[in-house]
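What follows is a single structure, written as structure tokens, with notes after it.
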Amino acid sequence: MIAKWRLKVKQFDMIAAYLNAAIDDRVVYIKQPTGFGDQNKVWLLVQALYGLKQAAFLWYDCFTEALAELGFKPLPNDICVYIKHDASSYIIIYVDDALVAARSDQEIDDVLVSLGDKFKIKVFAPEKFLGCGIKFTDGIVI
């Protein structure tokens, strides 16, 4: 799709993605780690943790909500591909790795700045995504 429509693309990684997700109205308790006070007590979590069964679901909800605020919606038949309401930008995500594509570098930068305001991200030029190599000619994916 990116190559066919000759879109610009950048890749980004969400730093500690699962730790951004709030638990909200769910009640989740964990045992205290060894060495932290009375081992008969539990902690009430307010943020997701890596290793928590619900962490991936909570992160997906958190990221989808953030993208909705920017005008993105997941495609009905592929919830890992988001499209902006005016079809000017696209985001493809796999857990915490993502590609953002648009017609211009400015549109991509606008999306990345907005996401950077909400999450800690690392942006780089894509060479490989989900095991697929990405090649460019004159800044366009081929």
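Please note that chains go A, B, ... in the order of the structure tokens, that every chain numbers its residues from 1, and that ligands are numbered from 1 in the order shown.
The alpha helix (DSSP H) portion of chain A consists of Ala55, Ala56, Phe57, Leu58, Trp59, Tyr60, Asp61, Cys62, Phe63, Thr64, Glu65, Ala66, Leu67, Ala68, Glu69, Asp105, Gln106, Glu107, Ile108, Asp109, Asp110, Val111, Leu112, Val113, Ser114, Leu115, Gly116, Asp117 and Lys118 of chain A, with states taken from DSSP on the backbone.
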| field | DSSP strand (DSSP E or B) selection over chain A, as number ranges by chain | value | A: 8-14, 22, 29-31, 42-44, 47, 72-75, 78-84, 89-94, 97-102, 121-124, 128-129, 132-133, 136-137, 140-141
List the neighbours of Asp96 (chain A) out to 10 Å using only C-alpha atoms; skip same-chain residues closer than 4 positions along the sequence, and give me the result as an mmCIF file with N, CA, C and O atoms, in the first residue's frame.
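Below is the file selection.cif, written as the result:
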```cif
data_model
loop_
_atom_site.group_PDB
_atom_site.id
_atom_site.type_symbol
_atom_site.label_atom_id
_atom_site.label_comp_id
_atom_site.auth_asym_id
_atom_site.auth_seq_id
_atom_site.Cartn_x
_atom_site.Cartn_y
_atom_site.Cartn_z
ATOM 1 N N PHE A 12 8.760 4.082 14.162
ATOM 2 C CA PHE A 12 8.975 4.508 15.542
ATOM 3 C C PHE A 12 8.734 3.353 16.487
ATOM 4 O O PHE A 12 8.032 2.397 16.172
ATOM 5 N N ASP A 13 9.361 3.462 17.636
ATOM 6 C CA ASP A 13 9.268 2.459 18.676
ATOM 7 C C ASP A 13 8.762 3.146 19.932
ATOM 8 O O ASP A 13 9.240 4.228 20.282
ATOM 9 N N MET A 14 7.793 2.541 20.583
ATOM 10 C CA MET A 14 7.265 3.090 21.827
ATOM 11 C C MET A 14 8.151 2.591 22.967
ATOM 12 O O MET A 14 8.303 1.380 23.146
ATOM 13 N N ILE A 15 8.725 3.493 23.717
ATOM 14 C CA ILE A 15 9.597 3.120 24.837
ATOM 15 C C ILE A 15 8.708 2.705 26.014
ATOM 16 O O ILE A 15 7.842 3.476 26.436
ATOM 17 N N ALA A 16 8.923 1.492 26.532
ATOM 18 C CA ALA A 16 8.167 0.960 27.681
ATOM 19 C C ALA A 16 6.656 1.115 27.472
ATOM 20 O O ALA A 16 5.943 1.627 28.324
ATOM 21 N N ALA A 17 6.188 0.654 26.336
ATOM 22 C CA ALA A 17 4.792 0.851 25.920
ATOM 23 C C ALA A 17 3.781 0.430 26.987
ATOM 24 O O ALA A 17 2.876 1.196 27.330
ATOM 25 N N TYR A 18 3.929 -0.771 27.514
ATOM 26 C CA TYR A 18 2.918 -1.279 28.445
ATOM 27 C C TYR A 18 2.804 -0.428 29.707
ATOM 28 O O TYR A 18 1.753 -0.388 30.334
ATOM 29 N N ALA A 56 -1.206 -6.300 27.405
ATOM 30 C CA ALA A 56 -1.333 -6.061 25.963
ATOM 31 C C ALA A 56 -2.677 -5.422 25.623
ATOM 32 O O ALA A 56 -2.751 -4.480 24.828
ATOM 33 N N TRP A 59 -2.648 -1.776 26.823
ATOM 34 C CA TRP A 59 -1.824 -0.960 25.944
ATOM 35 C C TRP A 59 -2.563 -0.668 24.638
ATOM 36 O O TRP A 59 -2.570 0.463 24.157
ATOM 37 N N TYR A 60 -3.204 -1.676 24.062
ATOM 38 C CA TYR A 60 -3.958 -1.468 22.818
ATOM 39 C C TYR A 60 -5.042 -0.405 23.034
ATOM 40 O O TYR A 60 -5.203 0.502 22.215
ATOM 41 N N PHE A 63 -3.330 3.097 23.358
ATOM 42 C CA PHE A 63 -2.814 3.607 22.095
ATOM 43 C C PHE A 63 -3.948 3.966 21.135
ATOM 44 O O PHE A 63 -3.910 5.005 20.482
ATOM 45 N N ILE A 121 8.849 8.122 22.494
ATOM 46 C CA ILE A 121 9.056 7.336 21.279
ATOM 47 C C ILE A 121 10.463 7.568 20.729
ATOM 48 O O ILE A 121 11.084 8.589 20.996
#
```
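The interatomic distance for the pair CA of Leu99 (chain A) and CA of Glu65 (chain A) works out to 17.6 Å.
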| request: May I have the residues within 8 Å of Ser88 (chain A) as a PyMOL selection string, using only C-alpha atoms and disregarding those fewer than 4 positions away in the same chain? | output: chain A and resi 83-84+102-103+107
Selection from above, all heavy atoms, as a PDB file, in the first residue's frame, can you write it?
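result.pdb was written with the following content:
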```pdb
ATOM      1  N   ILE A  83      -6.112   4.561  10.096  1.00  0.00           N
ATOM      2  CA  ILE A  83      -6.186   5.542   9.027  1.00  0.00           C
ATOM      3  C   ILE A  83      -6.757   6.834   9.597  1.00  0.00           C
ATOM      4  O   ILE A  83      -7.678   6.804  10.412  1.00  0.00           O
ATOM      5  CB  ILE A  83      -7.036   5.017   7.840  1.00  0.00           C
ATOM      6  CG1 ILE A  83      -7.000   5.980   6.675  1.00  0.00           C
ATOM      7  CG2 ILE A  83      -8.456   4.713   8.284  1.00  0.00           C
ATOM      8  CD1 ILE A  83      -7.614   5.413   5.402  1.00  0.00           C
ATOM      9  N   LYS A  84      -6.168   7.942   9.188  1.00  0.00           N
ATOM     10  CA  LYS A  84      -6.665   9.240   9.634  1.00  0.00           C
ATOM     11  C   LYS A  84      -7.969   9.538   8.916  1.00  0.00           C
ATOM     12  O   LYS A  84      -8.150   9.133   7.762  1.00  0.00           O
ATOM     13  CB  LYS A  84      -5.632  10.329   9.387  1.00  0.00           C
ATOM     14  CG  LYS A  84      -5.906  11.584  10.166  1.00  0.00           C
ATOM     15  CD  LYS A  84      -4.681  12.432  10.294  1.00  0.00           C
ATOM     16  CE  LYS A  84      -4.990  13.568  11.246  1.00  0.00           C
ATOM     17  NZ  LYS A  84      -3.834  14.411  11.443  1.00  0.00           N
ATOM     18  N   ALA A 102       2.545   8.778   5.075  1.00  0.00           N
ATOM     19  CA  ALA A 102       1.723   9.898   4.612  1.00  0.00           C
ATOM     20  C   ALA A 102       2.294  10.400   3.294  1.00  0.00           C
ATOM     21  O   ALA A 102       3.358   9.972   2.857  1.00  0.00           O
ATOM     22  CB  ALA A 102       1.703  11.017   5.651  1.00  0.00           C
ATOM     23  N   ARG A 103       1.583  11.347   2.691  1.00  0.00           N
ATOM     24  CA  ARG A 103       2.037  11.892   1.412  1.00  0.00           C
ATOM     25  C   ARG A 103       3.253  12.800   1.552  1.00  0.00           C
ATOM     26  O   ARG A 103       4.019  12.966   0.615  1.00  0.00           O
ATOM     27  CB  ARG A 103       0.894  12.669   0.749  1.00  0.00           C
ATOM     28  CG  ARG A 103      -0.193  11.764   0.226  1.00  0.00           C
ATOM     29  CD  ARG A 103      -1.302  12.554  -0.460  1.00  0.00           C
ATOM     30  NE  ARG A 103      -2.564  11.964  -0.034  1.00  0.00           N
ATOM     31  CZ  ARG A 103      -3.478  12.569   0.687  1.00  0.00           C
ATOM     32  NH1 ARG A 103      -3.330  13.818   1.052  1.00  0.00           N
ATOM     33  NH2 ARG A 103      -4.573  11.946   1.040  1.00  0.00           N
ATOM     34  N   GLU A 107       3.449  15.860   7.180  1.00  0.00           N
ATOM     35  CA  GLU A 107       2.321  15.139   7.777  1.00  0.00           C
ATOM     36  C   GLU A 107       2.818  14.074   8.756  1.00  0.00           C
ATOM     37  O   GLU A 107       2.247  13.906   9.839  1.00  0.00           O
ATOM     38  CB  GLU A 107       1.469  14.479   6.691  1.00  0.00           C
ATOM     39  CG  GLU A 107       0.666  15.468   5.860  1.00  0.00           C
ATOM     40  CD  GLU A 107      -0.046  14.792   4.700  1.00  0.00           C
ATOM     41  OE1 GLU A 107       0.648  14.332   3.771  1.00  0.00           O
ATOM     42  OE2 GLU A 107      -1.294  14.723   4.745  1.00  0.00           O
TER      43      GLU A 107
END
```
| query | Quick one: residues within 10 Å of Lys41 (chain A), only C-alpha atoms counted, chain neighbours fewer than 2 positions away excluded, as a PyMOL selection string? | reply | chain A and resi 29-32+36-39+43
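Our summary of the geometry notes that CA of Val27 (chain A) is positioned 24.0 Å from CA of Phe119 (chain A).
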| message | Need the shell around Ala66 (chain A): protein/DNA/RNA residues with any atom at most 12 Å away, counting only C-alpha atoms. Skip same-chain ones fewer than 5 positions apart. Format as number ranges by chain? | response | A: 20-21, 59-61, 71-74, 82, 111, 114-119
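Between CA of Asp25 (chain A) and CA of Leu44 (chain A) lies a distance of 11.9 Å.
For the residues A:Ser104, A:Val123, A:Asn77, A:Gly131, ranking by smallest atom-to-atom distance to Tyr90 (chain A) using only C-alpha atoms places A:Ser104 first.
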| said: At a cut-off of 7 Å, using only C-alpha atoms, what residues contact region 48-51 of chain A? Leave out same-chain residues fewer than 2 positions from it and give the result as a ChimeraX atom specification. | reply: /A:18-19,21-23,46,53,55
